[in-house]
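Engineer: Starting off with a structure, shown below.
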Amino acid sequence: MLCNQCSMSLAGGCTIRGVCGKDPDLNSLQEALIYGIKGTAAYYYHALELGYDNPEIGHFLAEALYSTLTNVNFDKNRFVEMILEAGRVHLEAMRLLDKAYVETFGRPEPVEVPTGTVEGHGILVTGHSYKALYELLKQIREMGLENEVKVYTHSEMLPAHSYPELRKFESLYGNWGGSWVYQRKEFAEFPGVIVGTSNCVQQPTKAYADRMFTVGIAGLEGVPHIRDYDFEPVIKKALETPRMERREGGKIVTGFHHTLEIKDKLVELIKEGKIKHIFIVGGCDVPNPKMSYYERLTEIIPKDAIILSAACGKFRYNGRNYGDIEGIPRFMDFGQCNNVYSIIEIAIALANELGVDVNSLPLSIVLSWMEQKAIGILYTLLYLGIRGIYIGPRPPEFLTPKVFEILRKQFDLKLINDPEKDLRDMLNRGIRVEDGSPLAEEIE
């Protein structure tokens, strides 16, 4: 770990020891802030791609980065405050991006996405940029190639199928593969061209390096980069690759959104005791054996509970048939990591409707992560005052044991342990209302 005050290794010595005291905890808090604002910057960038801006976000990003410069701020409490402020601004970034997506591409709707293939040359799009996907689809149409070239989504691009303005393109067909963890194997098996649009891309292997392109914020060594969203080289290369054949596959449901008319039904089923618990299980996929925890947890969650999910960790458990509770699906995929915003909106709406705070809902949040956007989401949840969040598969490595313990105590953070034991503890959490509340009898 490098010291943010002098850029020297904390293990190897500090050039200004007398000034900063070689304080690893201060450095840890600075790193924690930087990780959070990286996530905010990602969402802000994708909103800016579509012409949407909120100057407050840019102002905070500058202020937060400035605060980590050499010899600017040595106040640990102030950094904790700024981390929570980063959570608030991250929420604004998610809100801005949701607005940009809905007003540009239409309100997302639940949709079944095929995982098979159809006849035609293929282009596989990975990452997070709907702007890049839209420009690619539009140019395929303008070239009169919608019947010749078919576009497939990968990983976090899966929810693109739920937006009406993207779904209207005939060249957009289905989804190929799962999370970024397995992309080298899945990309090698895809016979067409691959386009990386944002983070969660890896250096390609020889099996597909000559069929890989990047665009926008993404970049890979030795891989051609598309400028100004001019996808002609990508489309031309796709026409040189072997045609794919029709292959039947399953279907994945995605596209739930906070504006769906499900709130009243959820409240009714909670009051009637037909939905006893809500689980928010989401976050990033990680190449860690402990990720099996999330597969097992979602498998053993009781039938009278529902699961809300977002981000790429869901590919470990979104292929199951969870069934429904009186028409409400037991598993709902809200989309990309930024679509956690919709889940937050639903949780707040339910709490308001039931006359309790979010912490009194029969609600459990279980997160996994590896990258910075998930860290930003965690800060947003802490800013909102949500307690008892389960995180894993291990603590953030940029936090020293002392700093993590402070955050654990202040926010009741819990590390995942055994899924069966954790589930029992989660189910003990139910709606709590004060005696005399008009909702008390109804909720019980």
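Residues in the structure tokens are numbered from 1 in each chain, the chains being A, B, ... in the order shown, and ligands are numbered from 1 in the order shown.
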Got a sec: who's within 6 Å of region 271-277 of chain A, counting only C-alpha atoms, leaving out chain neighbours fewer than 3 positions off, as a list in words?
Structural biologist: Glu268, Asp304, Ala305, Pro362, Leu363 and Ile443 of chain A
Engineer: Skipping near chain neighbours, those fewer than 3 positions away, what residues fall within 8 Å of Leu297 (chain A) using only C-alpha atoms, listed as a list of chain:residue names?
Structural biologist: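 So the residues in contact are A:Tyr293, A:Tyr294, A:Ile300, A:Ile301, A:Pro419, A:Glu420, A:Leu423.
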Engineer: What are the nearest atom pairs, with distances in Å to one decimal, for all residues of region 249-329 of chain A that come at most 12 Å from region 374-392 of chain A, using only C-alpha atoms, set out by chain and rising residue number as CSV?
Structural biologist:
residue,atom,partner,partner_atom,distance
A:Phe279,CA,A:Ile389,CA,11.0
A:Ile280,CA,A:Ile389,CA,9.9
A:Val281,CA,A:Tyr390,CA,9.5
A:Gly282,CA,A:Ala374,CA,9.2
A:Gly283,CA,A:Ala374,CA,6.1
A:Cys284,CA,A:Ala374,CA,6.9
A:Asp285,CA,A:Ala374,CA,10.6
A:Val286,CA,A:Gly392,CA,9.8
A:Asn288,CA,A:Gly392,CA,10.2
A:Pro289,CA,A:Gly392,CA,11.5
A:Lys290,CA,A:Gly392,CA,8.3
A:Met291,CA,A:Gly392,CA,8.2
A:Ser292,CA,A:Gly392,CA,11.1
A:Tyr293,CA,A:Gly392,CA,9.1
A:Tyr294,CA,A:Gly392,CA,9.4
A:Ala310,CA,A:Ala374,CA,10.6
A:Ala311,CA,A:Ala374,CA,8.8
A:Cys312,CA,A:Ala374,CA,10.7
A:Gly313,CA,A:Ala374,CA,10.9
Engineer: From region 56-193 of chain A, collect each residue whose DSSP state is strand (DSSP E) and return the set as a list in words.
Structural biologist: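 Going through region 56-193 of chain A, the strand (DSSP E) residues come out as Val111, Glu112, Val113, Pro114, His121, Gly122, Ile123, Leu124, Val125, Thr126, Val149, Lys150, Val151, Tyr152, Thr153, Leu172, Tyr173, Gly174, Asn175 and Val193 of chain A.
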Engineer: Select from region 196-282 of chain A everything DSSP, run on the backbone, classes as helix (DSSP H, G or I), then give the selection as number ranges by chain.
Structural biologist: A: 209-211, 232-240, 263-271
Engineer: So which residues touch Glu405 (chain A) within 12 Å, counting only C-alpha atoms, skipping near sequence neighbours fewer than 6 positions away, as a PyMOL selection string?
Structural biologist: chain A and resi 25+395-396+399+411-415
